[in-house]
$ cat my_file17.csv   # CSV, C-alpha atoms and all ligand atoms
chain,number,residue,atom,x,y,z
A,1,MET,CA,104.9,-86.7,-20.7
A,2,ILE,CA,108.1,-84.7,-20.3
A,3,LEU,CA,109.6,-85.7,-23.7
A,4,GLU,CA,107.9,-86.9,-26.8
A,5,LEU,CA,109.2,-87.7,-30.3
A,6,HIS,CA,106.7,-88.0,-33.0
A,7,ASP,CA,107.8,-89.5,-36.4
A,8,VAL,CA,111.1,-87.8,-36.2
A,9,CYS,CA,113.3,-88.1,-39.3
A,10,ALA,CA,116.9,-86.9,-39.1
A,11,GLY,CA,120.4,-87.7,-40.3
A,12,TYR,CA,123.4,-86.3,-41.9
A,13,ARG,CA,123.2,-84.4,-45.2
A,14,LYS,CA,121.1,-86.5,-47.5
A,15,LEU,CA,121.6,-89.6,-45.4
A,16,GLU,CA,118.5,-90.2,-43.3
A,17,ILE,CA,119.3,-92.2,-40.1
A,18,LEU,CA,116.2,-91.8,-38.0
A,19,HIS,CA,113.1,-93.0,-39.7
A,20,ASN,CA,109.8,-91.9,-38.1
A,21,LEU,CA,111.3,-92.3,-34.6
A,22,THR,CA,108.4,-92.2,-32.1
A,23,MET,CA,108.9,-92.5,-28.3
A,24,HIS,CA,108.1,-90.8,-25.1
A,25,ILE,CA,109.4,-90.4,-21.6
A,26,GLU,CA,107.2,-89.7,-18.5
A,27,ALA,CA,108.5,-87.3,-15.9
A,28,GLY,CA,110.5,-89.1,-13.3
A,29,GLU,CA,111.3,-92.2,-15.3
A,30,ILE,CA,114.5,-93.8,-16.3
A,31,VAL,CA,114.1,-94.9,-19.9
A,32,SER,CA,116.7,-96.8,-21.9
A,33,VAL,CA,117.1,-97.1,-25.6
A,34,ILE,CA,119.1,-100.2,-26.5
A,35,GLY,CA,120.3,-101.2,-29.9
A,36,ALA,CA,123.2,-102.4,-31.9
A,37,ASN,CA,126.2,-100.3,-32.9
A,38,GLY,CA,125.0,-98.1,-35.8
A,39,ALA,CA,121.3,-98.3,-34.9
A,40,GLY,CA,121.0,-94.5,-34.6
A,41,LYS,CA,121.0,-94.1,-30.8
A,42,THR,CA,123.5,-91.3,-30.7
A,43,THR,CA,121.8,-89.6,-33.6
A,44,ALA,CA,118.6,-89.7,-31.7
A,45,LEU,CA,120.1,-88.0,-28.6
A,46,ARG,CA,121.8,-85.5,-30.8
A,47,ALA,CA,118.5,-84.6,-32.5
A,48,ILE,CA,116.8,-84.2,-29.1
A,49,ALA,CA,119.7,-82.0,-27.9
A,50,GLY,CA,119.4,-79.8,-31.0
A,51,LEU,CA,122.8,-80.7,-32.2
A,52,ILE,CA,121.5,-81.9,-35.6
A,53,SER,CA,118.3,-80.7,-37.2
A,54,THR,CA,115.3,-82.8,-38.0
A,55,SER,CA,113.9,-83.0,-41.5
A,56,SER,CA,110.4,-83.9,-40.3
A,57,GLY,CA,108.5,-84.9,-37.2
A,58,ARG,CA,108.1,-83.2,-33.8
A,59,ILE,CA,110.1,-83.2,-30.6
A,60,LEU,CA,108.2,-81.9,-27.6
A,61,PHE,CA,109.7,-81.1,-24.2
A,62,GLU,CA,107.1,-80.4,-21.6
A,63,GLY,CA,104.6,-80.0,-24.4
A,64,LYS,CA,106.7,-77.3,-26.2
A,65,GLU,CA,108.2,-77.9,-29.6
A,66,ILE,CA,112.0,-77.9,-29.3
A,67,GLY,CA,112.8,-79.3,-32.7
A,68,ARG,CA,114.0,-76.0,-34.1
A,69,GLU,CA,115.6,-74.7,-30.9
A,70,ARG,CA,119.3,-74.0,-30.5
A,71,PRO,CA,121.2,-76.4,-28.1
A,72,ASP,CA,121.8,-73.7,-25.5
A,73,GLN,CA,118.1,-72.9,-25.4
A,74,ILE,CA,117.3,-76.5,-24.9
A,75,VAL,CA,119.7,-76.6,-22.0
A,76,ARG,CA,117.9,-73.5,-20.6
A,77,ASP,CA,114.6,-75.4,-21.0
A,78,GLY,CA,115.9,-78.1,-18.7
A,79,LEU,CA,117.0,-80.8,-21.1
A,80,VAL,CA,120.8,-81.5,-20.8
A,81,HIS,CA,122.8,-84.0,-22.8
A,82,VAL,CA,125.9,-85.9,-21.8
A,83,ALA,CA,127.7,-86.9,-25.0
A,84,GLN,CA,129.5,-90.2,-25.3
A,85,ASP,CA,132.9,-88.6,-25.6
A,86,ARG,CA,132.0,-86.6,-22.5
A,87,ALA,CA,133.3,-83.4,-24.0
A,88,LEU,CA,135.2,-82.3,-20.9
A,89,PHE,CA,137.7,-79.5,-20.9
A,90,GLY,CA,140.6,-81.8,-20.3
A,91,GLY,CA,143.1,-79.1,-19.5
A,92,LEU,CA,140.8,-77.5,-16.9
A,93,GLN,CA,140.3,-78.6,-13.3
A,94,VAL,CA,137.4,-80.7,-12.1
A,95,ILE,CA,135.9,-77.7,-10.4
A,96,GLU,CA,136.3,-75.5,-13.4
A,97,ASN,CA,134.5,-78.0,-15.6
A,98,LEU,CA,131.7,-78.2,-13.0
A,99,VAL,CA,131.3,-74.4,-12.8
A,100,MET,CA,131.2,-74.2,-16.6
A,101,GLY,CA,128.2,-76.6,-16.5
A,102,ALA,CA,126.3,-73.9,-14.6
A,103,TYR,CA,126.6,-71.4,-17.4
A,104,THR,CA,122.8,-71.1,-17.7
A,105,GLN,CA,122.3,-70.7,-14.0
A,106,PRO,CA,122.3,-67.7,-11.7
A,107,LYS,CA,125.7,-67.3,-9.9
A,108,THR,CA,124.0,-67.5,-6.5
A,109,SER,CA,122.9,-71.1,-7.1
A,110,VAL,CA,126.3,-72.5,-8.1
A,111,SER,CA,127.6,-73.4,-4.7
A,112,GLU,CA,124.4,-75.2,-3.8
A,113,SER,CA,124.6,-77.2,-7.1
A,114,LEU,CA,128.2,-78.0,-6.4
A,115,ASN,CA,127.4,-79.4,-3.0
A,116,GLN,CA,124.7,-81.6,-4.6
A,117,VAL,CA,127.1,-82.9,-7.2
A,118,PHE,CA,129.8,-83.5,-4.5
A,119,GLU,CA,127.3,-85.4,-2.4
A,120,LEU,CA,126.5,-87.7,-5.3
A,121,PHE,CA,130.1,-88.1,-6.4
A,122,PRO,CA,132.4,-87.5,-3.4
A,123,ILE,CA,135.5,-88.4,-5.6
A,124,LEU,CA,134.9,-85.1,-7.5
A,125,LYS,CA,135.2,-83.2,-4.3
A,126,ASP,CA,138.4,-85.0,-3.3
A,127,ARG,CA,139.8,-84.3,-6.8
A,128,ARG,CA,138.4,-80.9,-7.4
A,129,THR,CA,141.7,-79.3,-8.3
A,130,GLN,CA,142.8,-82.2,-10.5
A,131,ARG,CA,143.0,-81.7,-14.3
A,132,ALA,CA,140.0,-83.4,-15.9
A,133,ASP,CA,142.2,-85.3,-18.4
A,134,THR,CA,144.2,-86.9,-15.7
A,135,MET,CA,141.1,-88.6,-14.2
A,136,SER,CA,140.2,-92.2,-14.9
A,137,GLY,CA,137.5,-93.1,-17.4
A,138,GLY,CA,135.0,-93.7,-14.6
A,139,GLN,CA,135.8,-90.5,-12.8
A,140,GLN,CA,135.5,-88.6,-16.1
A,141,GLN,CA,132.1,-90.0,-16.7
A,142,MET,CA,131.1,-88.9,-13.2
A,143,LEU,CA,132.5,-85.5,-14.0
A,144,ALA,CA,130.5,-85.3,-17.2
A,145,ILE,CA,127.3,-86.2,-15.4
A,146,GLY,CA,128.1,-83.9,-12.6
A,147,ARG,CA,128.7,-81.0,-15.0
A,148,ALA,CA,125.4,-81.7,-16.7
A,149,LEU,CA,123.7,-81.6,-13.3
A,150,MET,CA,125.2,-78.2,-12.7
A,151,ALA,CA,122.7,-76.9,-15.3
A,152,ARG,CA,119.8,-78.1,-13.0
A,153,PRO,CA,118.2,-80.3,-15.6
A,154,LYS,CA,114.7,-81.6,-15.5
A,155,CYS,CA,115.7,-84.3,-17.9
A,156,LEU,CA,119.1,-85.7,-18.5
A,157,THR,CA,120.1,-87.6,-21.6
A,158,LEU,CA,123.2,-89.9,-21.4
A,159,ASP,CA,125.0,-91.5,-24.4
A,160,GLU,CA,126.6,-94.8,-23.4
A,161,PRO,CA,127.4,-93.8,-19.8
A,162,SER,CA,128.9,-97.1,-19.0
A,163,ILE,CA,131.1,-97.6,-22.1
A,164,GLY,CA,134.7,-98.5,-21.4
A,165,LEU,CA,134.2,-98.6,-17.6
A,166,ALA,CA,135.3,-101.4,-15.4
A,167,PRO,CA,132.4,-103.4,-14.0
A,168,ASN,CA,132.5,-101.9,-10.5
A,169,LEU,CA,132.5,-98.4,-12.0
A,170,VAL,CA,129.6,-99.3,-14.2
A,171,ALA,CA,127.7,-100.2,-11.1
A,172,GLN,CA,128.7,-97.0,-9.4
A,173,VAL,CA,127.6,-94.8,-12.3
A,174,LEU,CA,124.3,-96.6,-12.7
A,175,ALA,CA,123.6,-96.4,-9.0
A,176,ALA,CA,124.3,-92.6,-9.2
A,177,ILE,CA,121.8,-92.4,-12.2
A,178,THR,CA,119.2,-94.1,-10.0
A,179,LYS,CA,119.8,-91.5,-7.2
A,180,ILE,CA,119.5,-88.7,-9.8
A,181,ARG,CA,116.2,-90.0,-10.9
A,182,ASP,CA,115.1,-90.3,-7.2
A,183,THR,CA,115.8,-86.5,-6.9
A,184,GLY,CA,113.1,-86.0,-9.5
A,185,VAL,CA,115.3,-85.7,-12.7
A,186,THR,CA,114.0,-87.7,-15.7
A,187,VAL,CA,116.7,-89.8,-17.3
A,188,LEU,CA,117.0,-91.1,-20.9
A,189,ILE,CA,120.0,-93.4,-21.5
A,190,VAL,CA,121.2,-95.0,-24.7
A,191,GLU,CA,123.3,-98.1,-24.3
A,192,GLN,CA,124.8,-100.8,-26.4
A,193,ASN,CA,125.7,-102.8,-23.3
A,194,ALA,CA,122.1,-103.3,-22.3
A,195,SER,CA,121.7,-105.6,-19.4
A,196,GLN,CA,122.8,-103.2,-16.6
A,197,ALA,CA,120.9,-100.3,-18.2
A,198,LEU,CA,117.7,-102.4,-18.3
A,199,ALA,CA,118.2,-103.3,-14.7
A,200,ILE,CA,117.8,-99.7,-13.6
A,201,SER,CA,115.2,-98.7,-16.2
A,202,ASP,CA,111.5,-98.1,-15.6
A,203,ARG,CA,110.9,-98.6,-19.3
A,204,ALA,CA,113.0,-99.3,-22.4
A,205,TYR,CA,112.9,-99.3,-26.1
A,206,VAL,CA,114.8,-101.3,-28.7
A,207,MET,CA,116.0,-99.3,-31.7
A,208,GLU,CA,116.9,-100.9,-35.0
A,209,SER,CA,117.9,-99.0,-38.1
A,210,GLY,CA,116.6,-95.7,-36.8
A,211,SER,CA,113.2,-96.9,-35.6
A,212,ILE,CA,111.8,-98.4,-32.5
A,213,VAL,CA,111.0,-102.0,-32.9
A,214,MET,CA,110.1,-103.0,-29.3
A,215,GLU,CA,109.2,-101.4,-26.1
A,216,GLY,CA,108.3,-102.6,-22.5
A,217,SER,CA,109.4,-102.3,-18.9
A,218,GLY,CA,113.1,-102.8,-18.3
A,219,GLN,CA,112.2,-106.2,-16.8
A,220,GLU,CA,110.1,-107.2,-19.8
A,221,LEU,CA,112.9,-106.5,-22.2
A,222,ALA,CA,115.5,-108.1,-20.0
A,223,ASP,CA,113.4,-111.2,-20.0
A,224,SER,CA,112.5,-111.2,-23.7
A,225,PRO,CA,114.2,-114.0,-25.7
A,226,GLU,CA,114.8,-111.8,-28.7
A,227,VAL,CA,116.4,-109.1,-26.6
A,228,ARG,CA,118.5,-111.6,-24.7
A,229,LYS,CA,119.8,-113.2,-27.9
A,230,ALA,CA,120.4,-110.0,-29.9
A,231,TYR,CA,121.5,-107.5,-27.2
A,232,LEU,CA,122.4,-109.3,-24.0
A,233,GLY,CA,124.7,-111.9,-25.5
A,234,MET,CA,122.7,-114.8,-23.9
B,301,LIG,N1,128.6,-87.4,-38.7
B,301,LIG,C1,128.0,-88.4,-39.4
B,301,LIG,N2,128.0,-88.3,-40.7
B,301,LIG,C2,127.4,-89.3,-41.5
B,301,LIG,N3,126.9,-90.5,-41.0
B,301,LIG,C3,127.0,-90.6,-39.6
B,301,LIG,C4,127.5,-89.6,-38.8
B,301,LIG,N4,127.4,-90.0,-37.5
B,301,LIG,C5,126.9,-91.2,-37.6
B,301,LIG,N5,126.6,-91.6,-38.8
B,301,LIG,C6,125.9,-92.8,-39.3
B,301,LIG,O1,124.6,-92.9,-38.7
B,301,LIG,C7,124.3,-94.2,-38.4
B,301,LIG,C8,123.9,-94.3,-36.9
B,301,LIG,O2,125.0,-93.9,-36.1
B,301,LIG,P1,124.8,-93.6,-34.5
B,301,LIG,O3,123.7,-92.7,-34.3
B,301,LIG,O4,126.1,-93.2,-34.0
B,301,LIG,O5,124.4,-95.1,-34.0
B,301,LIG,P2,124.6,-95.7,-32.5
B,301,LIG,O6,124.8,-94.6,-31.6
B,301,LIG,O7,123.3,-96.5,-32.3
B,301,LIG,O8,125.8,-96.6,-32.6
B,301,LIG,C9,125.5,-95.1,-38.7
B,301,LIG,O9,125.3,-95.7,-39.9
B,301,LIG,C10,126.6,-94.1,-38.7
B,301,LIG,O10,127.6,-94.5,-39.6
B,302,MG,MG,126.3,-94.2,-30.2
$ encode --input "my_file17.csv" --output "C-alpha cells"
Amino acid sequence: MILELHDVCAGYRKLEILHNLTMHIEAGEIVSVIGANGAGKTTALRAIAGLISTSSGRILFEGKEIGRERPDQIVRDGLVHVAQDRALFGGLQVIENLVMGAYTQPKTSVSESLNQVFELFPILKDRRTQRADTMSGGQQQMLAIGRALMARPKCLTLDEPSIGLAPNLVAQVLAAITKIRDTGVTVLIVEQNASQALAISDRAYVMESGSIVMEGSGQELADSPEVRKAYLGM
C-alpha cells in the first residue's frame, strides 16, 4: 500500500469534518473518492497533503507516518496535490509555472521533466510563453497537473480535475490521468461528477459526511443502484 488512512479525524477549528476516515491506495492504482458537495472530499485531500492538521488517526505514505509533516516535506516524499482552484501563478507564463513545480527537484532533471509534461500535454508546449491566467479552464487544469508532475510524484492527488470543463476536455484530462497512471504514478481523485472518474478508476470509495460508506471497483460502483441514483443522476 502506498497510502493509508486509518481512522483519521480532522476539520476546521472545533468543527470535525472527517470522522474516522479509513481508506487505502495500492501503488499503481487510480482510486476515486466520490461524494456529494460538502461530504468532506476536499478536506480529506487537504489533510493528506498536510495543509490541515489531523486531530487523531494516522496517515501513512509508503509506510511512513506523514500526518505531522509539513506540506513541502510531503511533496519531497513524493505525494503531490493538485488543488481544486489549481493555485496557478496567473501572471506568470506556462513555462514559469511548470519550472516552479520542480522546486524540490535537482536543476539537472528539470528539462527532462518538462519534456515528459510536454509529451503528455502538447498544448502546454505550444503555449509555453502564454500567461497562465489567459489559458482556458481545461488548459489551466492541464497546467496544474503538469506542474504537479514536475515534482516527480509517486502519488498524485487531484481535487475535482474535471469540474467546469467542457465534455471533450473532461475526456482529455481523464485520458491524461490514465496515461500518468500507466507511467507508474499512483492517482487519487476526488470528484462530485462521478461517472467519468469511475470509468477510469481501478477502485473507488463513496464518502458521506466525512466517512467512507461504500467501496468497490470503479465498475462495481458505477453499476450500483444506490450510487447511480445518488451520484450519477440516473
Ligand atoms: N475553511 C473551512 N472552514 C470551516 N468549514 C469548512 C472549511 N472548508 C470546508 N468546510 C466545511 O467542511 C465540510 C466539507 O467540505 P469539503 O471538504 O469542501 O467537501 P467536498 O469537497 O466534499 O465538497 C463542509 O460542511 C464545509 O462547509
Ligand atoms: Mg471539494
$ residues_around --input "my_file17.csv" --residues "region 123-133 of chain A" --least-positions-apart "4" --cutoff "12 Å" --atoms "only C-alpha atoms" --output "ChimeraX atom specification"
/A:86-99,114-119,137-147,172
$ residues_around --input "my_file17.csv" --residues "region 100-112 of chain A" --least-positions-apart "4" --cutoff "6 Å" --atoms "only C-alpha atoms" --output "ChimeraX atom specification"
/A:147-148,150-151
$ closest_residue --input "my_file17.csv" --among "A:Val206, A:Val190, A:Val80, A:Ala27" --to "ligand MG 302 (chain B)" --atoms "all atoms listed in the file"
A:Val190
$ residues_near_ligand --input "my_file17.csv" --ligand "ligand LIG 301 (chain B)" --cutoff "10 Å" --atoms "all atoms listed in the file" --output "NGL selection string"
:A and (10-18 or 33-47 or 52 or 84 or 159-160 or 190-192 or 207-210)
$ closest_residue --input "my_file17.csv" --among "A:Gly67, A:Gly57, A:Pro161, A:Gly184" --to "Ala83 (chain A)" --atoms "only C-alpha atoms"
A:Pro161
$ atom_distance --input "my_file17.csv" --atom1 "CA of Ser224 (chain A)" --atom2 "CA of Val187 (chain A)"
22.7 Å
$ atom_distance --input "my_file17.csv" --atom1 "CA of Leu169 (chain A)" --atom2 "CA of Arg228 (chain A)"
23.1 Å
$ build_atoms --input "my_file17.csv" --residues "region 167-186 of chain A" --atoms "N, CA and C atoms" --output "PDB file, in the frame of the given file"
ATOM      1  N   PRO A 167     133.676-103.022 -14.509  1.00  0.00           N
ATOM      2  CA  PRO A 167     132.400-103.400 -14.000  1.00  0.00           C
ATOM      3  C   PRO A 167     131.975-102.701 -12.670  1.00  0.00           C
ATOM      4  N   ASN A 168     132.900-102.530 -11.751  1.00  0.00           N
ATOM      5  CA  ASN A 168     132.500-101.900 -10.500  1.00  0.00           C
ATOM      6  C   ASN A 168     132.172-100.424 -10.695  1.00  0.00           C
ATOM      7  N   LEU A 169     132.818 -99.803 -11.659  1.00  0.00           N
ATOM      8  CA  LEU A 169     132.500 -98.400 -12.000  1.00  0.00           C
ATOM      9  C   LEU A 169     131.189 -98.275 -12.694  1.00  0.00           C
ATOM     10  N   VAL A 170     130.897 -99.260 -13.566  1.00  0.00           N
ATOM     11  CA  VAL A 170     129.600 -99.300 -14.200  1.00  0.00           C
ATOM     12  C   VAL A 170     128.511 -99.277 -13.148  1.00  0.00           C
ATOM     13  N   ALA A 171     128.673-100.144 -12.167  1.00  0.00           N
ATOM     14  CA  ALA A 171     127.700-100.200 -11.100  1.00  0.00           C
ATOM     15  C   ALA A 171     127.560 -98.914 -10.342  1.00  0.00           C
ATOM     16  N   GLN A 172     128.695 -98.272 -10.094  1.00  0.00           N
ATOM     17  CA  GLN A 172     128.700 -97.000  -9.400  1.00  0.00           C
ATOM     18  C   GLN A 172     127.941 -95.909 -10.175  1.00  0.00           C
ATOM     19  N   VAL A 173     128.252 -95.865 -11.475  1.00  0.00           N
ATOM     20  CA  VAL A 173     127.600 -94.800 -12.300  1.00  0.00           C
ATOM     21  C   VAL A 173     126.121 -95.081 -12.413  1.00  0.00           C
ATOM     22  N   LEU A 174     125.737 -96.347 -12.588  1.00  0.00           N
ATOM     23  CA  LEU A 174     124.300 -96.600 -12.700  1.00  0.00           C
ATOM     24  C   LEU A 174     123.574 -96.386 -11.373  1.00  0.00           C
ATOM     25  N   ALA A 175     124.244 -96.657 -10.267  1.00  0.00           N
ATOM     26  CA  ALA A 175     123.600 -96.400  -9.000  1.00  0.00           C
ATOM     27  C   ALA A 175     123.431 -94.848  -8.817  1.00  0.00           C
ATOM     28  N   ALA A 176     124.400 -94.085  -9.293  1.00  0.00           N
ATOM     29  CA  ALA A 176     124.300 -92.600  -9.200  1.00  0.00           C
ATOM     30  C   ALA A 176     123.109 -92.151 -10.112  1.00  0.00           C
ATOM     31  N   ILE A 177     122.934 -92.800 -11.267  1.00  0.00           N
ATOM     32  CA  ILE A 177     121.800 -92.400 -12.200  1.00  0.00           C
ATOM     33  C   ILE A 177     120.493 -92.677 -11.474  1.00  0.00           C
ATOM     34  N   THR A 178     120.414 -93.785 -10.760  1.00  0.00           N
ATOM     35  CA  THR A 178     119.200 -94.100 -10.000  1.00  0.00           C
ATOM     36  C   THR A 178     118.935 -92.994  -8.947  1.00  0.00           C
ATOM     37  N   LYS A 179     119.986 -92.596  -8.259  1.00  0.00           N
ATOM     38  CA  LYS A 179     119.800 -91.500  -7.200  1.00  0.00           C
ATOM     39  C   LYS A 179     119.383 -90.222  -7.888  1.00  0.00           C
ATOM     40  N   ILE A 180     119.922 -89.932  -9.065  1.00  0.00           N
ATOM     41  CA  ILE A 180     119.500 -88.700  -9.800  1.00  0.00           C
ATOM     42  C   ILE A 180     118.048 -88.749 -10.101  1.00  0.00           C
ATOM     43  N   ARG A 181     117.588 -89.893 -10.598  1.00  0.00           N
ATOM     44  CA  ARG A 181     116.200 -90.000 -10.900  1.00  0.00           C
ATOM     45  C   ARG A 181     115.353 -89.847  -9.595  1.00  0.00           C
ATOM     46  N   ASP A 182     115.864 -90.379  -8.491  1.00  0.00           N
ATOM     47  CA  ASP A 182     115.100 -90.300  -7.200  1.00  0.00           C
ATOM     48  C   ASP A 182     115.037 -88.829  -6.722  1.00  0.00           C
ATOM     49  N   THR A 183     115.900 -87.949  -7.228  1.00  0.00           N
ATOM     50  CA  THR A 183     115.800 -86.500  -6.900  1.00  0.00           C
ATOM     51  C   THR A 183     114.767 -85.819  -7.770  1.00  0.00           C
ATOM     52  N   GLY A 184     114.162 -86.555  -8.712  1.00  0.00           N
ATOM     53  CA  GLY A 184     113.100 -86.000  -9.500  1.00  0.00           C
ATOM     54  C   GLY A 184     113.562 -85.646 -10.962  1.00  0.00           C
ATOM     55  N   VAL A 185     114.795 -85.984 -11.301  1.00  0.00           N
ATOM     56  CA  VAL A 185     115.300 -85.700 -12.700  1.00  0.00           C
ATOM     57  C   VAL A 185     114.914 -86.940 -13.543  1.00  0.00           C
ATOM     58  N   THR A 186     114.320 -86.677 -14.684  1.00  0.00           N
ATOM     59  CA  THR A 186     114.000 -87.700 -15.700  1.00  0.00           C
ATOM     60  C   THR A 186     115.277 -88.077 -16.410  1.00  0.00           C
TER      61      THR A 186
END
